[in-house]
file coords33.txt (compact mmCIF, C-alpha atoms)
# COMPACT_ATOMS: atom_id res chain seq x y z
CA MET A 1 -13.78 -4.88 -35.05
CA ARG A 2 -14.40 -6.34 -31.59
CA HIS A 3 -16.25 -9.60 -30.87
CA LYS A 4 -17.12 -10.77 -27.34
CA LEU A 5 -17.82 -14.37 -26.39
CA PHE A 6 -19.21 -15.31 -22.99
CA PHE A 7 -18.60 -18.67 -21.36
CA SER A 8 -20.45 -19.83 -18.22
CA GLY A 9 -21.40 -16.22 -17.54
CA LYS A 10 -17.99 -15.64 -15.98
CA THR A 11 -15.07 -15.77 -18.40
CA ILE A 12 -14.97 -13.04 -21.01
CA PHE A 13 -12.78 -13.33 -24.03
CA SER A 14 -12.31 -10.20 -26.07
CA LEU A 15 -11.14 -10.94 -29.60
CA ILE A 16 -9.77 -8.06 -31.56
CA VAL A 17 -9.73 -8.92 -35.24
CA PRO A 18 -7.84 -6.51 -37.52
CA ALA A 19 -9.98 -5.32 -40.43
CA VAL A 20 -7.04 -5.68 -42.81
CA ALA A 21 -6.66 -9.34 -41.96
CA LEU A 22 -10.36 -9.95 -42.47
CA ALA A 23 -10.31 -8.25 -45.85
CA SER A 24 -7.38 -10.33 -47.04
CA GLY A 25 -8.88 -13.56 -45.74
CA LEU A 26 -5.86 -14.30 -43.57
CA LEU A 27 -6.14 -16.70 -40.65
CA ILE A 28 -5.43 -14.86 -37.41
CA SER A 29 -3.56 -17.07 -34.93
CA GLY A 30 -2.31 -14.45 -32.45
CA VAL A 31 -5.67 -13.06 -31.30
CA ALA A 32 -5.56 -10.74 -28.26
CA HIS A 33 -7.01 -12.29 -25.14
CA ALA A 34 -8.34 -10.14 -22.29
CA GLU A 35 -8.88 -11.68 -18.87
CA THR A 36 -9.68 -10.40 -15.42
CA LEU A 37 -6.71 -9.69 -13.16
CA MET A 38 -7.26 -10.51 -9.51
CA GLY A 39 -5.69 -8.51 -6.70
CA ALA A 40 -6.27 -8.06 -2.99
CA GLY A 41 -4.80 -6.34 0.04
CA SER A 42 -4.21 -2.80 1.25
CA THR A 43 -7.21 -0.65 2.11
CA PHE A 44 -4.74 2.26 2.25
CA ILE A 45 -4.56 2.35 -1.56
CA ASN A 46 -8.16 1.34 -2.28
CA PRO A 47 -9.39 4.91 -3.02
CA ILE A 48 -6.72 5.45 -5.67
CA MET A 49 -6.85 1.82 -6.82
CA THR A 50 -10.56 2.29 -7.57
CA LYS A 51 -9.70 5.24 -9.84
CA TRP A 52 -6.85 3.35 -11.50
CA ILE A 53 -9.01 0.33 -12.23
CA ALA A 54 -11.81 2.39 -13.79
CA SER A 55 -9.42 4.32 -16.05
CA TYR A 56 -7.43 1.23 -16.99
CA LYS A 57 -10.62 -0.57 -17.96
CA GLU A 58 -11.70 2.39 -20.05
CA SER A 59 -8.40 2.68 -21.90
CA THR A 60 -7.54 -1.03 -22.33
CA GLY A 61 -10.73 -3.02 -21.83
CA VAL A 62 -9.01 -5.13 -19.16
CA ASP A 63 -10.88 -5.81 -15.92
CA VAL A 64 -8.97 -5.64 -12.63
CA ASN A 65 -10.78 -7.02 -9.59
CA TYR A 66 -9.23 -5.68 -6.36
CA GLN A 67 -10.50 -6.68 -2.91
CA PRO A 68 -9.46 -4.30 -0.05
CA ILE A 69 -9.01 -6.92 2.68
CA GLY A 70 -5.92 -5.44 4.37
CA SER A 71 -2.24 -5.83 3.58
CA GLY A 72 -1.90 -9.01 5.62
CA GLY A 73 -4.85 -10.59 3.84
CA GLY A 74 -3.47 -9.60 0.45
CA ILE A 75 -0.07 -11.15 1.16
CA ASN A 76 -1.73 -14.34 2.44
CA ALA A 77 -3.83 -14.50 -0.74
CA LEU A 78 -0.70 -14.14 -2.87
CA ILE A 79 1.00 -16.93 -0.92
CA ALA A 80 -2.10 -19.10 -1.46
CA HIS A 81 -2.03 -18.29 -5.20
CA THR A 82 -5.64 -17.06 -5.13
CA VAL A 83 -4.71 -13.64 -6.57
CA ASP A 84 -2.40 -12.40 -9.31
CA PHE A 85 -0.98 -9.58 -7.20
CA ALA A 86 -1.10 -8.25 -3.66
CA GLY A 87 -1.37 -4.67 -2.48
CA SER A 88 0.50 -3.98 0.74
CA ASP A 89 1.75 -0.97 2.67
CA VAL A 90 4.64 -2.98 4.01
CA PRO A 91 6.96 -5.40 2.18
CA MET A 92 6.71 -9.13 2.82
CA ASN A 93 8.71 -10.20 5.87
CA GLY A 94 11.15 -13.10 5.94
CA ASN A 95 8.57 -15.62 7.13
CA GLU A 96 6.10 -14.60 4.42
CA LYS A 97 8.77 -14.83 1.73
CA ALA A 98 9.65 -18.32 2.97
CA GLN A 99 5.98 -19.35 2.84
CA ALA A 100 5.71 -18.04 -0.71
CA GLY A 101 8.26 -20.62 -1.78
CA ALA A 102 9.33 -18.59 -4.81
CA SER A 103 10.90 -15.22 -5.49
CA THR A 104 8.74 -12.10 -5.61
CA VAL A 105 9.05 -8.59 -6.99
CA THR A 106 7.98 -5.67 -4.78
CA ILE A 107 7.03 -2.47 -6.61
CA PRO A 108 6.24 0.86 -4.87
CA ASP A 109 3.16 2.41 -6.46
CA VAL A 110 2.31 5.57 -4.50
CA ILE A 111 3.19 7.52 -1.34
CA GLY A 112 0.47 8.35 1.15
CA ALA A 113 -0.11 9.90 4.55
CA ILE A 114 -1.72 8.51 7.67
CA VAL A 115 -3.62 11.05 9.70
CA ILE A 116 -4.57 11.14 13.36
CA SER A 117 -8.34 11.58 13.16
CA TYR A 118 -10.69 12.38 15.99
CA ASN A 119 -14.29 13.00 16.97
CA ILE A 120 -14.50 15.50 19.82
CA PRO A 121 -17.94 17.11 20.16
CA GLY A 122 -17.54 20.86 20.26
CA VAL A 123 -13.98 20.76 18.88
CA GLY A 124 -13.57 21.17 15.15
CA PRO A 125 -10.68 20.58 12.78
CA GLY A 126 -7.26 21.93 13.53
CA ILE A 127 -5.95 20.56 16.81
CA ALA A 128 -2.22 19.87 16.99
CA LEU A 129 -0.51 16.73 18.27
CA SER A 130 3.02 15.38 18.59
CA GLY A 131 4.41 11.90 18.09
CA PRO A 132 5.21 11.24 21.76
CA VAL A 133 1.72 12.41 22.81
CA VAL A 134 0.04 10.19 20.21
CA ALA A 135 2.18 7.25 21.34
CA ASP A 136 1.14 7.77 24.95
CA ILE A 137 -2.53 8.04 23.97
CA PHE A 138 -2.42 4.74 22.06
CA GLU A 139 -0.41 3.13 24.85
CA GLY A 140 -3.08 4.15 27.36
CA LYS A 141 -0.88 6.58 29.32
CA ILE A 142 -2.90 9.68 28.38
CA THR A 143 -6.57 8.98 29.00
CA TYR A 144 -8.43 12.33 29.05
CA TRP A 145 -8.82 14.88 26.30
CA ASP A 146 -7.98 17.78 28.63
CA ASP A 147 -4.64 16.28 29.65
CA PRO A 148 -2.09 19.13 29.87
CA ARG A 149 0.18 17.48 27.30
CA ILE A 150 -2.67 17.70 24.75
CA THR A 151 -3.94 21.17 25.63
CA LYS A 152 -0.42 22.64 25.55
CA LEU A 153 -0.14 21.83 21.84
CA SER A 154 -3.43 23.56 20.94
CA PRO A 155 -3.66 26.80 22.95
CA GLY A 156 -7.08 28.36 22.77
CA VAL A 157 -8.90 25.07 22.16
CA LYS A 158 -11.22 24.05 25.01
CA PHE A 159 -10.91 20.29 25.40
CA PRO A 160 -13.58 18.42 27.40
CA HIS A 161 -12.76 16.34 30.46
CA GLU A 162 -13.81 13.12 28.74
CA ASN A 163 -12.16 9.74 28.40
CA ILE A 164 -10.31 9.19 25.13
CA LEU A 165 -11.62 6.24 23.11
CA VAL A 166 -8.75 4.77 21.08
CA VAL A 167 -9.63 3.11 17.77
CA HIS A 168 -7.13 0.91 15.93
CA ARG A 169 -7.11 -1.74 13.23
CA SER A 170 -8.28 -5.24 14.06
CA ASP A 171 -6.81 -6.89 10.95
CA GLY A 172 -3.28 -7.36 9.63
CA SER A 173 -2.64 -3.91 8.22
CA GLY A 174 0.09 -2.12 6.33
CA THR A 175 -1.42 1.12 7.61
CA THR A 176 -0.76 -0.19 11.11
CA ALA A 177 2.79 -1.12 10.10
CA ILE A 178 3.49 2.43 8.91
CA PHE A 179 1.84 3.96 11.98
CA THR A 180 3.65 1.74 14.49
CA ASP A 181 6.94 2.24 12.64
CA TYR A 182 6.47 5.97 13.18
CA LEU A 183 5.53 5.54 16.86
CA SER A 184 8.60 3.37 17.42
CA LYS A 185 10.78 6.16 16.01
CA VAL A 186 9.34 8.85 18.31
CA SER A 187 8.71 6.87 21.51
CA GLY A 188 11.17 4.58 23.27
CA SER A 189 8.35 3.23 25.41
CA TRP A 190 6.31 2.28 22.35
CA LYS A 191 9.34 0.70 20.67
CA ASN A 192 10.18 -1.39 23.72
CA ASN A 193 6.67 -2.33 24.84
CA ILE A 194 4.58 -2.57 21.67
CA GLY A 195 6.85 -2.50 18.64
CA THR A 196 6.15 -2.43 14.93
CA GLY A 197 4.13 -4.66 12.63
CA LYS A 198 0.99 -5.26 10.62
CA SER A 199 -0.57 -6.51 13.87
CA VAL A 200 0.48 -5.57 17.41
CA ASN A 201 -0.89 -6.21 20.88
CA TRP A 202 -2.82 -3.00 21.44
CA PRO A 203 -2.88 -1.98 25.11
CA VAL A 204 -6.23 -0.16 24.82
CA GLY A 205 -9.05 0.58 22.42
CA LEU A 206 -11.50 -0.82 19.90
CA GLY A 207 -10.54 -2.56 16.68
CA GLY A 208 -12.05 -1.77 13.29
CA LYS A 209 -11.57 -3.85 10.15
CA GLY A 210 -9.77 -1.93 7.44
CA ASN A 211 -9.60 1.82 7.07
CA PRO A 212 -13.40 1.81 6.50
CA GLY A 213 -13.97 0.09 9.85
CA VAL A 214 -11.83 2.60 11.74
CA ALA A 215 -13.52 5.48 9.90
CA GLY A 216 -16.93 4.08 10.88
CA TYR A 217 -16.03 4.05 14.57
CA LEU A 218 -14.57 7.54 14.42
CA ALA A 219 -17.65 8.93 12.71
CA ASN A 220 -20.03 7.41 15.26
CA LYS A 221 -18.12 7.29 18.55
CA PRO A 222 -17.79 10.63 20.39
CA TYR A 223 -14.41 11.42 21.99
CA SER A 224 -12.62 8.86 19.81
CA ILE A 225 -9.21 9.00 18.16
CA GLY A 226 -7.72 6.75 15.49
CA TYR A 227 -5.40 6.58 12.52
CA LEU A 228 -6.59 6.65 8.90
CA GLU A 229 -5.21 6.91 5.41
CA LEU A 230 -5.75 10.55 4.45
CA ALA A 231 -8.20 9.84 1.59
CA TYR A 232 -10.64 8.16 4.00
CA ALA A 233 -10.61 11.12 6.40
CA ILE A 234 -11.26 13.49 3.50
CA GLN A 235 -14.04 11.36 1.99
CA LYS A 236 -15.79 10.80 5.32
CA HIS A 237 -15.31 14.41 6.53
CA ILE A 238 -13.53 13.27 9.70
CA SER A 239 -11.34 15.86 11.44
CA TYR A 240 -7.61 15.23 11.67
CA ALA A 241 -4.72 16.89 13.44
CA SER A 242 -1.62 18.69 12.33
CA MET A 243 1.47 16.88 13.59
CA GLU A 244 4.70 18.17 15.07
CA ASN A 245 7.44 16.84 12.83
CA ARG A 246 11.05 16.00 13.53
CA SER A 247 11.98 19.68 13.17
CA HIS A 248 9.32 20.59 15.79
CA LYS A 249 7.15 22.28 13.17
CA LEU A 250 3.40 21.71 13.02
CA VAL A 251 2.53 20.34 9.57
CA TYR A 252 -0.73 19.28 7.93
CA PRO A 253 -0.78 16.39 5.47
CA ASN A 254 -1.09 17.62 1.89
CA ASN A 255 0.64 17.11 -1.45
CA GLU A 256 3.50 19.42 -0.53
CA SER A 257 4.23 17.89 2.88
CA ILE A 258 3.85 14.31 1.58
CA VAL A 259 6.23 15.01 -1.32
CA ALA A 260 8.67 16.60 1.15
CA ALA A 261 8.71 13.38 3.17
CA GLY A 262 9.85 11.47 0.10
CA GLU A 263 12.49 13.94 -1.04
CA GLY A 264 16.02 12.72 -0.53
CA MET A 265 14.90 9.30 0.71
CA LYS A 266 17.36 6.47 0.28
CA ILE A 267 16.19 3.94 -2.30
CA PRO A 268 17.56 0.47 -1.51
CA GLU A 269 18.04 -2.11 -4.23
CA ASN A 270 15.01 -4.11 -3.06
CA LEU A 271 12.83 -0.93 -3.10
CA GLU A 272 11.65 -1.56 0.47
CA ILE A 273 11.50 1.99 1.83
CA SER A 274 10.72 3.55 5.22
CA ILE A 275 10.15 7.31 5.20
CA ALA A 276 8.26 7.83 8.47
CA ASN A 277 9.53 10.72 10.63
CA SER A 278 11.44 12.43 7.83
CA SER A 279 14.13 14.95 8.75
CA ASN A 280 12.84 17.36 6.08
CA PRO A 281 11.45 20.39 7.99
CA LYS A 282 8.58 20.67 5.48
CA ALA A 283 7.55 17.02 5.78
CA TYR A 284 4.45 15.59 7.36
CA PRO A 285 5.85 12.85 9.60
CA ILE A 286 3.46 9.86 9.24
CA VAL A 287 4.03 8.91 5.62
CA GLY A 288 4.57 5.57 3.96
CA VAL A 289 5.08 3.85 0.63
CA SER A 290 2.49 1.42 -0.69
CA TYR A 291 3.50 -1.57 -2.80
CA LEU A 292 2.25 -3.99 -5.42
CA ILE A 293 3.73 -7.48 -5.09
CA ILE A 294 3.87 -10.31 -7.63
CA TYR A 295 5.76 -13.55 -8.09
CA THR A 296 8.81 -13.19 -10.30
CA SER A 297 7.38 -15.90 -12.52
CA SER A 298 3.64 -16.36 -13.05
CA PRO A 299 1.41 -17.31 -16.02
CA LYS A 300 -0.46 -13.99 -15.93
CA ASN A 301 2.53 -11.75 -15.29
CA ALA A 302 2.55 -10.33 -18.82
CA ALA A 303 -0.93 -8.85 -18.25
CA VAL A 304 -0.17 -7.86 -14.66
CA LYS A 305 3.03 -6.08 -15.75
CA GLN A 306 1.08 -4.04 -18.29
CA PHE A 307 -1.25 -2.88 -15.52
CA PHE A 308 1.67 -2.06 -13.21
CA GLU A 309 3.46 -0.14 -15.98
CA TRP A 310 0.29 1.91 -16.51
CA VAL A 311 0.11 2.60 -12.74
CA LEU A 312 3.76 3.72 -12.70
CA THR A 313 3.29 6.08 -15.66
CA LYS A 314 -0.21 7.35 -16.41
CA GLY A 315 -1.46 6.38 -12.96
CA GLN A 316 0.89 8.88 -11.29
CA ALA A 317 -0.95 11.86 -12.83
CA GLU A 318 -2.51 14.47 -10.55
CA GLU A 319 -6.03 13.36 -11.49
CA TYR A 320 -5.32 10.20 -9.46
CA THR A 321 -2.88 11.34 -6.78
CA GLY A 322 -4.49 14.67 -5.90
CA PRO A 323 -5.73 16.76 -4.42
CA GLY A 324 -3.96 16.12 -1.14
CA SER A 325 -4.55 12.41 -0.71
CA TYR A 326 -1.46 10.79 -2.22
CA SER A 327 1.86 11.78 -3.72
CA PRO A 328 3.27 10.43 -6.99
CA LEU A 329 6.59 8.63 -7.05
CA SER A 330 9.68 10.63 -7.87
CA HIS A 331 11.15 10.22 -11.36
CA THR A 332 14.14 8.33 -9.94
CA LEU A 333 12.01 5.93 -7.91
CA LYS A 334 9.62 5.38 -10.83
CA GLU A 335 12.51 4.44 -13.13
CA LYS A 336 13.88 2.00 -10.55
CA CYS A 337 10.39 0.47 -10.22
CA LEU A 338 10.13 -0.05 -13.98
CA GLN A 339 13.57 -1.67 -14.00
CA ALA A 340 12.57 -4.00 -11.16
CA LEU A 341 9.33 -4.87 -12.94
CA SER A 342 11.29 -5.98 -16.00
CA ARG A 343 12.65 -8.90 -13.94
CA ALA A 344 9.18 -10.46 -13.70
CA HIS A 345 8.04 -12.82 -16.44
call {"tool": "encode", "arguments": {"input": "coords33.txt", "output": "structure tokens"}}
result
Amino acid sequence: MRHKLFFSGKTIFSLIVPAVALASGLLISGVAHAETLMGAGSTFINPIMTKWIASYKESTGVDVNYQPIGSGGGINALIAHTVDFAGSDVPMNGNEKAQAGASTVTIPDVIGAIVISYNIPGVGPGIALSGPVVADIFEGKITYWDDPRITKLSPGVKFPHENILVVHRSDGSGTTAIFTDYLSKVSGSWKNNIGTGKSVNWPVGLGGKGNPGVAGYLANKPYSIGYLELAYAIQKHISYASMENRSHKLVYPNNESIVAAGEGMKIPENLEISIANSSNPKAYPIVGVSYLIIYTSSPKNAAVKQFFEWVLTKGQAEEYTGPGSYSPLSHTLKEKCLQALSRAH
């Protein structure tokens, strides 16, 4: 039997009273207590997080409130103790860990791809790009769509002689961290002049807040190019390119090529993993791991851990990770994540 009490219209206590105990007249002292879990951060994982939250609520009755404010915002909220967990596509850096003032546990939750999306009137899906070309576009060195370095990669496609409008993230972003990590691996100029991080000094372009902001620009600005988490490009019907990988093969992002990027990856003890520009010839090259981060010790960790355990087990099913948008964690990585999670209390 389930009884619900409402206080101040905000806090919901769900009391589950066993029928056997009621029949015997026993006093129940250990009544289950459901409370809302608060999370914030990565927009990269928001599409799958939305599915996870709905299913978790349905199966457990527990509410999870997740605000997609960007990885940087999520980490700042965790440091400020305004959320129970942060979602981020990049681990906390040394400065952020120092600001936290206490130890944290970083748990990979899913692997996803970042696509190079574009809006070129008259040119449909299917153009091909390479890492060095993308780096030079975002660095402002390639400025027209009919530049020979672009047209060479897509023979038969008629590109217009129009200025390229670069769109990037305006907020602190794990998606940006993955993207710039990749660019730094394929372009010495990018590595030396721009570098890697959740925020960088963009040489050119317009900034959009979150993946939704970038998607909005791409959908409405002709001749634009930007980077998006794959699920957003699929949902918004925005064209994206195949990419030349490290083996010089043109590869589209899908479940197979995302899984290939994660195969054979080294798993460090702290579970902070970089898999951009994989050497696997079947891999799509712009792939990253997303994380859930909590304090090692926190009053609500018991409830948060139950949610994380569900994400690492039932949440890895194809109904959440497919088709094409994300890749589940390997069995080995999942087991290491569950072991790491056991350290939190």
call {"tool": "residues_around", "arguments": {"input": "coords33.txt", "residues": "Glu269 (chain A)", "least_positions_apart": "5", "cutoff": "12 Å", "atoms": "all atoms listed in the file", "output": "list in words"}}
result
Val105, Thr106, Ile107, Leu333, Lys336, Cys337, Gln339 and Ala340 of chain A
call {"tool": "closest_residue", "arguments": {"input": "coords33.txt", "among": "A:Gln99, A:Gly315, A:Ala344, A:Asn254", "to": "Ile53 (chain A)", "atoms": "all atoms listed in the file"}}
result
A:Gly315
call {"tool": "atom_distance", "arguments": {"input": "coords33.txt", "atom1": "CA of Met243 (chain A)", "atom2": "CA of Tyr284 (chain A)"}}
result
7.0 Å
call {"tool": "closest_residue", "arguments": {"input": "coords33.txt", "among": "A:Gly87, A:Pro121, A:Pro68, A:Pro285", "to": "Pro212 (chain A)", "atoms": "only C-alpha atoms"}}
result
A:Pro68
call {"tool": "residues_around", "arguments": {"input": "coords33.txt", "residues": "Gly70 (chain A)", "least_positions_apart": "6", "cutoff": "12 Å", "atoms": "only C-alpha atoms", "output": "ChimeraX atom specification"}}
result
/A:39-46,76-77,86-90,169-177,198-199,208-213,290
call {"tool": "build_atoms", "arguments": {"input": "coords33.txt", "residues": "region 324-335 of chain A", "atoms": "N, CA and C atoms", "output": "PDB file, in the frame of the given file"}}
result
ATOM      1  N   GLY A 324      -4.272  16.290  -2.548  1.00  0.00           N
ATOM      2  CA  GLY A 324      -3.960  16.120  -1.140  1.00  0.00           C
ATOM      3  C   GLY A 324      -3.864  14.713  -0.613  1.00  0.00           C
ATOM      4  N   SER A 325      -4.440  13.732  -1.308  1.00  0.00           N
ATOM      5  CA  SER A 325      -4.550  12.410  -0.710  1.00  0.00           C
ATOM      6  C   SER A 325      -3.278  11.573  -0.815  1.00  0.00           C
ATOM      7  N   TYR A 326      -2.652  11.592  -1.980  1.00  0.00           N
ATOM      8  CA  TYR A 326      -1.460  10.790  -2.220  1.00  0.00           C
ATOM      9  C   TYR A 326      -0.407  11.652  -2.906  1.00  0.00           C
ATOM     10  N   SER A 327       0.788  11.110  -2.990  1.00  0.00           N
ATOM     11  CA  SER A 327       1.860  11.780  -3.720  1.00  0.00           C
ATOM     12  C   SER A 327       2.415  10.821  -4.758  1.00  0.00           C
ATOM     13  N   PRO A 328       2.674  11.304  -5.979  1.00  0.00           N
ATOM     14  CA  PRO A 328       3.270  10.430  -6.990  1.00  0.00           C
ATOM     15  C   PRO A 328       4.710  10.079  -6.648  1.00  0.00           C
ATOM     16  N   LEU A 329       5.201   9.018  -7.233  1.00  0.00           N
ATOM     17  CA  LEU A 329       6.590   8.630  -7.050  1.00  0.00           C
ATOM     18  C   LEU A 329       7.509   9.610  -7.760  1.00  0.00           C
ATOM     19  N   SER A 330       8.695   9.791  -7.203  1.00  0.00           N
ATOM     20  CA  SER A 330       9.680  10.630  -7.870  1.00  0.00           C
ATOM     21  C   SER A 330      10.113   9.964  -9.177  1.00  0.00           C
ATOM     22  N   HIS A 331      10.691  10.767 -10.082  1.00  0.00           N
ATOM     23  CA  HIS A 331      11.150  10.220 -11.360  1.00  0.00           C
ATOM     24  C   HIS A 331      12.179   9.110 -11.130  1.00  0.00           C
ATOM     25  N   THR A 332      13.098   9.330 -10.208  1.00  0.00           N
ATOM     26  CA  THR A 332      14.140   8.330  -9.940  1.00  0.00           C
ATOM     27  C   THR A 332      13.546   7.035  -9.431  1.00  0.00           C
ATOM     28  N   LEU A 333      12.614   7.129  -8.467  1.00  0.00           N
ATOM     29  CA  LEU A 333      12.010   5.930  -7.910  1.00  0.00           C
ATOM     30  C   LEU A 333      11.168   5.215  -8.972  1.00  0.00           C
ATOM     31  N   LYS A 334      10.448   5.982  -9.777  1.00  0.00           N
ATOM     32  CA  LYS A 334       9.620   5.380 -10.830  1.00  0.00           C
ATOM     33  C   LYS A 334      10.481   4.586 -11.805  1.00  0.00           C
ATOM     34  N   GLU A 335      11.628   5.138 -12.196  1.00  0.00           N
ATOM     35  CA  GLU A 335      12.510   4.440 -13.130  1.00  0.00           C
ATOM     36  C   GLU A 335      13.059   3.158 -12.516  1.00  0.00           C
TER      37      GLU A 335
END
